[in-house]
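Structure file upload09.pdb; described as PDB, C-alpha atoms and all ligand atoms.
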```pdb
ATOM      1  CA  MET A  77     -14.568 236.139 176.339  1.00  0.00           C
ATOM      2  CA  SER A  78     -16.398 235.511 173.079  1.00  0.00           C
ATOM      3  CA  ALA A  79     -17.356 232.076 171.850  1.00  0.00           C
ATOM      4  CA  SER A  80     -15.279 232.131 168.672  1.00  0.00           C
ATOM      5  CA  ILE A  81     -14.363 228.446 168.305  1.00  0.00           C
ATOM      6  CA  VAL A  82     -16.278 225.632 166.619  1.00  0.00           C
ATOM      7  CA  ILE A  83     -14.995 222.109 167.301  1.00  0.00           C
ATOM      8  CA  VAL A  84     -15.773 219.540 164.595  1.00  0.00           C
ATOM      9  CA  ASP A  85     -15.204 215.790 164.792  1.00  0.00           C
ATOM     10  CA  ILE A  86     -14.120 213.895 161.665  1.00  0.00           C
ATOM     11  CA  ASP A  87     -15.183 210.208 161.696  1.00  0.00           C
ATOM     12  CA  GLY A  88     -18.964 209.904 161.524  1.00  0.00           C
ATOM     13  CA  THR A  89     -19.257 213.703 161.274  1.00  0.00           C
ATOM     14  CA  LEU A  90     -17.351 215.183 158.294  1.00  0.00           C
ATOM     15  CA  ALA A  91     -16.417 211.730 157.007  1.00  0.00           C
ATOM     16  CA  ASN A  92     -18.740 208.793 156.506  1.00  0.00           C
ATOM     17  CA  ALA A  93     -16.819 205.841 157.938  1.00  0.00           C
ATOM     18  CA  ASP A  94     -19.697 203.333 157.710  1.00  0.00           C
ATOM     19  CA  HIS A  95     -17.840 201.169 155.168  1.00  0.00           C
ATOM     20  CA  ARG A  96     -15.015 200.368 157.625  1.00  0.00           C
ATOM     21  CA  MET A  97     -16.862 200.278 160.970  1.00  0.00           C
ATOM     22  CA  PRO A  98     -17.860 196.579 160.620  1.00  0.00           C
ATOM     23  CA  LEU A  99     -14.141 195.729 160.715  1.00  0.00           C
ATOM     24  CA  VAL A 100     -13.922 196.826 164.354  1.00  0.00           C
ATOM     25  CA  LEU A 101     -17.480 196.955 165.736  1.00  0.00           C
ATOM     26  CA  GLU A 102     -19.872 194.143 166.612  1.00  0.00           C
ATOM     27  CA  PRO A 103     -23.045 194.160 164.501  1.00  0.00           C
ATOM     28  CA  GLU A 104     -25.955 196.230 165.832  1.00  0.00           C
ATOM     29  CA  ALA A 105     -28.240 193.911 167.830  1.00  0.00           C
ATOM     30  CA  TYR A 106     -31.203 196.185 166.978  1.00  0.00           C
ATOM     31  CA  PRO A 107     -31.443 199.692 165.516  1.00  0.00           C
ATOM     32  CA  GLY A 108     -29.810 202.155 167.878  1.00  0.00           C
ATOM     33  CA  ALA A 109     -28.161 199.516 170.081  1.00  0.00           C
ATOM     34  CA  HIS A 110     -24.705 200.137 171.522  1.00  0.00           C
ATOM     35  CA  GLN A 111     -22.003 198.500 169.395  1.00  0.00           C
ATOM     36  CA  ALA A 112     -19.037 197.008 171.228  1.00  0.00           C
ATOM     37  CA  ILE A 113     -15.528 196.578 169.809  1.00  0.00           C
ATOM     38  CA  ARG A 114     -15.089 193.166 168.166  1.00  0.00           C
ATOM     39  CA  ALA A 115     -12.715 190.700 169.826  1.00  0.00           C
ATOM     40  CA  ASP A 116     -11.132 190.166 166.377  1.00  0.00           C
ATOM     41  CA  ALA A 117     -11.124 193.857 165.351  1.00  0.00           C
ATOM     42  CA  ASP A 118      -8.907 194.413 162.304  1.00  0.00           C
ATOM     43  CA  TRP A 119      -7.465 197.831 163.138  1.00  0.00           C
ATOM     44  CA  ASP A 120      -4.779 197.750 160.429  1.00  0.00           C
ATOM     45  CA  ARG A 121      -7.364 197.284 157.697  1.00  0.00           C
ATOM     46  CA  PHE A 122      -9.700 199.773 159.401  1.00  0.00           C
ATOM     47  CA  TRP A 123      -7.041 202.504 159.249  1.00  0.00           C
ATOM     48  CA  SER A 124      -5.890 201.522 155.762  1.00  0.00           C
ATOM     49  CA  LEU A 125      -9.303 202.534 154.369  1.00  0.00           C
ATOM     50  CA  LEU A 126      -9.365 206.144 155.645  1.00  0.00           C
ATOM     51  CA  ALA A 127      -8.825 207.679 152.222  1.00  0.00           C
ATOM     52  CA  GLU A 128     -11.967 205.956 150.909  1.00  0.00           C
ATOM     53  CA  ASP A 129     -14.369 207.579 153.367  1.00  0.00           C
ATOM     54  CA  LEU A 130     -17.215 209.434 151.702  1.00  0.00           C
ATOM     55  CA  PRO A 131     -17.731 213.103 152.580  1.00  0.00           C
ATOM     56  CA  GLU A 132     -20.809 214.293 154.489  1.00  0.00           C
ATOM     57  CA  PRO A 133     -21.688 217.322 152.319  1.00  0.00           C
ATOM     58  CA  ALA A 134     -24.117 219.043 154.709  1.00  0.00           C
ATOM     59  CA  ILE A 135     -21.742 218.885 157.694  1.00  0.00           C
ATOM     60  CA  ILE A 136     -18.867 220.059 155.503  1.00  0.00           C
ATOM     61  CA  ALA A 137     -21.049 222.981 154.367  1.00  0.00           C
ATOM     62  CA  LEU A 138     -21.790 223.795 158.034  1.00  0.00           C
ATOM     63  CA  ALA A 139     -18.089 223.788 158.971  1.00  0.00           C
ATOM     64  CA  ASN A 140     -17.200 225.901 155.951  1.00  0.00           C
ATOM     65  CA  ALA A 141     -20.009 228.362 156.665  1.00  0.00           C
ATOM     66  CA  MET A 142     -18.774 228.807 160.241  1.00  0.00           C
ATOM     67  CA  HIS A 143     -15.219 229.258 158.950  1.00  0.00           C
ATOM     68  CA  ASP A 144     -16.376 231.893 156.474  1.00  0.00           C
ATOM     69  CA  ALA A 145     -18.422 233.637 159.186  1.00  0.00           C
ATOM     70  CA  GLY A 146     -15.213 234.265 161.131  1.00  0.00           C
ATOM     71  CA  PHE A 147     -15.250 231.407 163.645  1.00  0.00           C
ATOM     72  CA  ARG A 148     -12.118 229.373 164.278  1.00  0.00           C
ATOM     73  CA  VAL A 149     -12.814 225.840 163.114  1.00  0.00           C
ATOM     74  CA  LEU A 150     -10.802 223.271 165.069  1.00  0.00           C
ATOM     75  CA  LEU A 151     -10.980 219.648 163.978  1.00  0.00           C
ATOM     76  CA  PHE A 152     -10.721 217.246 166.932  1.00  0.00           C
ATOM     77  CA  THR A 153     -10.215 213.601 165.997  1.00  0.00           C
ATOM     78  CA  ALA A 154      -9.255 210.493 167.936  1.00  0.00           C
ATOM     79  CA  ARG A 155      -7.429 209.264 164.821  1.00  0.00           C
ATOM     80  CA  PRO A 156      -3.777 208.713 165.683  1.00  0.00           C
ATOM     81  CA  GLU A 157      -1.246 211.375 164.690  1.00  0.00           C
ATOM     82  CA  ARG A 158       0.446 208.949 162.279  1.00  0.00           C
ATOM     83  CA  PHE A 159      -2.538 209.353 159.936  1.00  0.00           C
ATOM     84  CA  ARG A 160      -2.122 213.123 159.677  1.00  0.00           C
ATOM     85  CA  SER A 161      -1.049 213.241 156.058  1.00  0.00           C
ATOM     86  CA  VAL A 162      -3.822 210.945 154.729  1.00  0.00           C
ATOM     87  CA  THR A 163      -6.301 212.955 156.820  1.00  0.00           C
ATOM     88  CA  GLU A 164      -5.029 216.313 155.527  1.00  0.00           C
ATOM     89  CA  ASP A 165      -5.177 215.018 151.945  1.00  0.00           C
ATOM     90  CA  TRP A 166      -8.774 213.858 152.465  1.00  0.00           C
ATOM     91  CA  LEU A 167      -9.816 217.194 154.026  1.00  0.00           C
ATOM     92  CA  LYS A 168      -8.254 219.089 151.125  1.00  0.00           C
ATOM     93  CA  ARG A 169      -9.788 216.802 148.494  1.00  0.00           C
ATOM     94  CA  HIS A 170     -13.260 217.408 149.930  1.00  0.00           C
ATOM     95  CA  GLY A 171     -12.876 221.170 150.296  1.00  0.00           C
ATOM     96  CA  ILE A 172     -13.015 221.448 154.088  1.00  0.00           C
ATOM     97  CA  ARG A 173     -11.850 224.821 155.383  1.00  0.00           C
ATOM     98  CA  PHE A 174     -10.444 224.781 158.919  1.00  0.00           C
ATOM     99  CA  HIS A 175      -7.796 226.400 161.093  1.00  0.00           C
ATOM    100  CA  GLU A 176      -6.328 223.542 163.130  1.00  0.00           C
ATOM    101  CA  LEU A 177      -6.328 219.747 163.019  1.00  0.00           C
ATOM    102  CA  HIS A 178      -5.759 218.044 166.389  1.00  0.00           C
ATOM    103  CA  MET A 179      -5.149 214.295 166.464  1.00  0.00           C
ATOM    104  CA  ARG A 180      -4.562 211.610 169.091  1.00  0.00           C
ATOM    105  CA  ARG A 181      -0.984 211.714 170.340  1.00  0.00           C
ATOM    106  CA  GLU A 182       0.968 208.474 170.355  1.00  0.00           C
ATOM    107  CA  CYS A 183       1.250 208.723 174.167  1.00  0.00           C
ATOM    108  CA  ASP A 184      -2.568 208.664 174.365  1.00  0.00           C
ATOM    109  CA  SER A 185      -2.909 205.512 172.276  1.00  0.00           C
ATOM    110  CA  ASP A 186      -4.643 203.479 174.999  1.00  0.00           C
ATOM    111  CA  LEU A 187      -7.162 206.118 176.035  1.00  0.00           C
ATOM    112  CA  HIS A 188     -10.880 206.097 175.212  1.00  0.00           C
ATOM    113  CA  ASP A 189     -11.869 208.680 172.584  1.00  0.00           C
ATOM    114  CA  LEU A 190     -13.621 210.853 175.111  1.00  0.00           C
ATOM    115  CA  LYS A 191     -10.513 211.107 177.294  1.00  0.00           C
ATOM    116  CA  VAL A 192      -8.434 211.909 174.211  1.00  0.00           C
ATOM    117  CA  LYS A 193     -10.791 214.751 173.310  1.00  0.00           C
ATOM    118  CA  ARG A 194     -11.004 216.010 176.879  1.00  0.00           C
ATOM    119  CA  LEU A 195      -7.198 216.245 177.036  1.00  0.00           C
ATOM    120  CA  MET A 196      -7.182 217.934 173.634  1.00  0.00           C
ATOM    121  CA  PHE A 197      -9.677 220.481 174.902  1.00  0.00           C
ATOM    122  CA  GLU A 198      -7.609 221.222 178.023  1.00  0.00           C
ATOM    123  CA  ARG A 199      -4.398 221.545 176.010  1.00  0.00           C
ATOM    124  CA  VAL A 200      -5.747 223.609 173.115  1.00  0.00           C
ATOM    125  CA  ILE A 201      -8.746 225.590 174.401  1.00  0.00           C
ATOM    126  CA  GLY A 202      -9.025 225.482 178.190  1.00  0.00           C
ATOM    127  CA  ALA A 203     -12.155 227.562 178.800  1.00  0.00           C
ATOM    128  CA  PRO A 204     -15.610 226.286 177.747  1.00  0.00           C
ATOM    129  CA  GLN A 205     -16.760 229.887 177.151  1.00  0.00           C
ATOM    130  CA  ARG A 206     -14.469 230.077 174.124  1.00  0.00           C
ATOM    131  CA  VAL A 207     -16.519 227.445 172.281  1.00  0.00           C
ATOM    132  CA  ALA A 208     -19.637 228.310 170.257  1.00  0.00           C
ATOM    133  CA  PHE A 209     -20.532 224.672 169.670  1.00  0.00           C
ATOM    134  CA  VAL A 210     -19.211 221.210 168.925  1.00  0.00           C
ATOM    135  CA  VAL A 211     -20.337 218.921 166.087  1.00  0.00           C
ATOM    136  CA  GLU A 212     -19.952 215.268 167.053  1.00  0.00           C
ATOM    137  CA  ASP A 213     -21.633 211.920 166.349  1.00  0.00           C
ATOM    138  CA  ARG A 214     -20.539 209.675 169.193  1.00  0.00           C
ATOM    139  CA  GLN A 215     -22.952 209.556 172.138  1.00  0.00           C
ATOM    140  CA  ALA A 216     -20.294 209.124 174.855  1.00  0.00           C
ATOM    141  CA  VAL A 217     -18.365 212.118 173.537  1.00  0.00           C
ATOM    142  CA  VAL A 218     -21.538 214.196 173.105  1.00  0.00           C
ATOM    143  CA  ASP A 219     -22.387 213.463 176.755  1.00  0.00           C
ATOM    144  CA  MET A 220     -18.897 214.567 177.813  1.00  0.00           C
ATOM    145  CA  TRP A 221     -19.104 217.877 175.939  1.00  0.00           C
ATOM    146  CA  ARG A 222     -22.562 218.604 177.327  1.00  0.00           C
ATOM    147  CA  GLY A 223     -21.386 217.646 180.810  1.00  0.00           C
ATOM    148  CA  MET A 224     -18.708 220.330 180.459  1.00  0.00           C
ATOM    149  CA  GLY A 225     -21.387 222.888 179.604  1.00  0.00           C
ATOM    150  CA  LEU A 226     -20.674 223.043 175.868  1.00  0.00           C
ATOM    151  CA  LYS A 227     -23.377 223.141 173.194  1.00  0.00           C
ATOM    152  CA  CYS A 228     -23.131 220.014 171.094  1.00  0.00           C
ATOM    153  CA  LEU A 229     -24.882 219.337 167.797  1.00  0.00           C
ATOM    154  CA  GLN A 230     -25.110 215.589 167.412  1.00  0.00           C
ATOM    155  CA  CYS A 231     -25.218 214.577 163.745  1.00  0.00           C
ATOM    156  CA  ALA A 232     -25.691 210.776 164.081  1.00  0.00           C
ATOM    157  CA  PRO A 233     -26.545 208.264 166.850  1.00  0.00           C
ATOM    158  CA  GLY A 234     -22.894 207.254 167.430  1.00  0.00           C
ATOM    159  CA  ASN A 235     -23.761 204.319 169.659  1.00  0.00           C
ATOM    160  CA  HIS A 236     -20.279 202.846 169.814  1.00  0.00           C
TER
HETATM  161 MG    MG A 301     -16.969 210.561 165.385  1.00  0.00          MG
END
```
Would it be possible to restate this file's structure as structure tokens?
Ligand SMILES: [Mg+2]
Amino acid sequence: MSASIVIVDIDGTLANADHRMPLVLEPEAYPGAHQAIRADADWDRFWSLLAEDLPEPAIIALANAMHDAGFRVLLFTARPERFRSVTEDWLKRHGIRFHELHMRRECDSDLHDLKVKRLMFERVIGAPQRVAFVVEDRQAVVDMWRGMGLKCLQCAPGNH
């Protein structure tokens, strides 16, 4: 079985979401500190700003290069399915080439991101040997992928 799949995260990886993270995360106590969810997190406003995310050009170039080299590029995001069209518009606007976009199902709305992605993996891929590598920013999710035996390129600290 060849490793023909590359999994790429969106928020904090292809998309720079820094401008909206303060709406839902506590401030960083010191550089690199874990950031907890705010008690007064404004999720509606957080999601309303998706279209304004800036692209991460180097990570987009990496995903596109893997796509053009013949790998299957699967985007795995914990964004809810109801934001599919704004997400697809953003991906198109910033020239991201990919094969599949997998999003959080409504029935998984209460699950932590890492459980959402684990379920996504089991549903869509199944065997770790099929994956060349994952690109991901969030430490907890990076740890999960590595714990499953996958190679994971971590592109930012992701301490939330
Ligand atoms: Mg992320």
I want to know what sits within 7 Å of Gly225 (chain A), based on all atoms listed in the file, with residues of the same chain fewer than 3 positions away left out; could you give that as a PDB file with C-alpha atoms, in the frame of the given file?
```
ATOM      1  CA  PRO A 204     -15.610 226.286 177.747  1.00  0.00           C
ATOM      2  CA  TRP A 221     -19.104 217.877 175.939  1.00  0.00           C
ATOM      3  CA  ARG A 222     -22.562 218.604 177.327  1.00  0.00           C
TER       4      ARG A 222
END
```
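Proximal residues of ligand MG 301 (chain A) are A:Asp85, A:Ile86, A:Asp87, A:Gly88, A:Thr89, A:Thr153, A:Glu212, A:Asp213, A:Arg214, A:Gly234, by a cut-off of 8 Å on only C-alpha atoms and all ligand atoms.
Interatomic distance, CA of Leu190 (chain A) against CA of Ala105 (chain A): 23.5 Å.
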Output check: residues returned by the PyMOL selection byres (((chain A and resi 162-166) around 12) and not hetatm), as a PyMOL selection string: chain A and resi 86-87+90-92+123-131+151-161+167-179
Length of the CA of Asp186 (chain A) to CA of Glu104 (chain A) vector [Å]: 24.3 Å
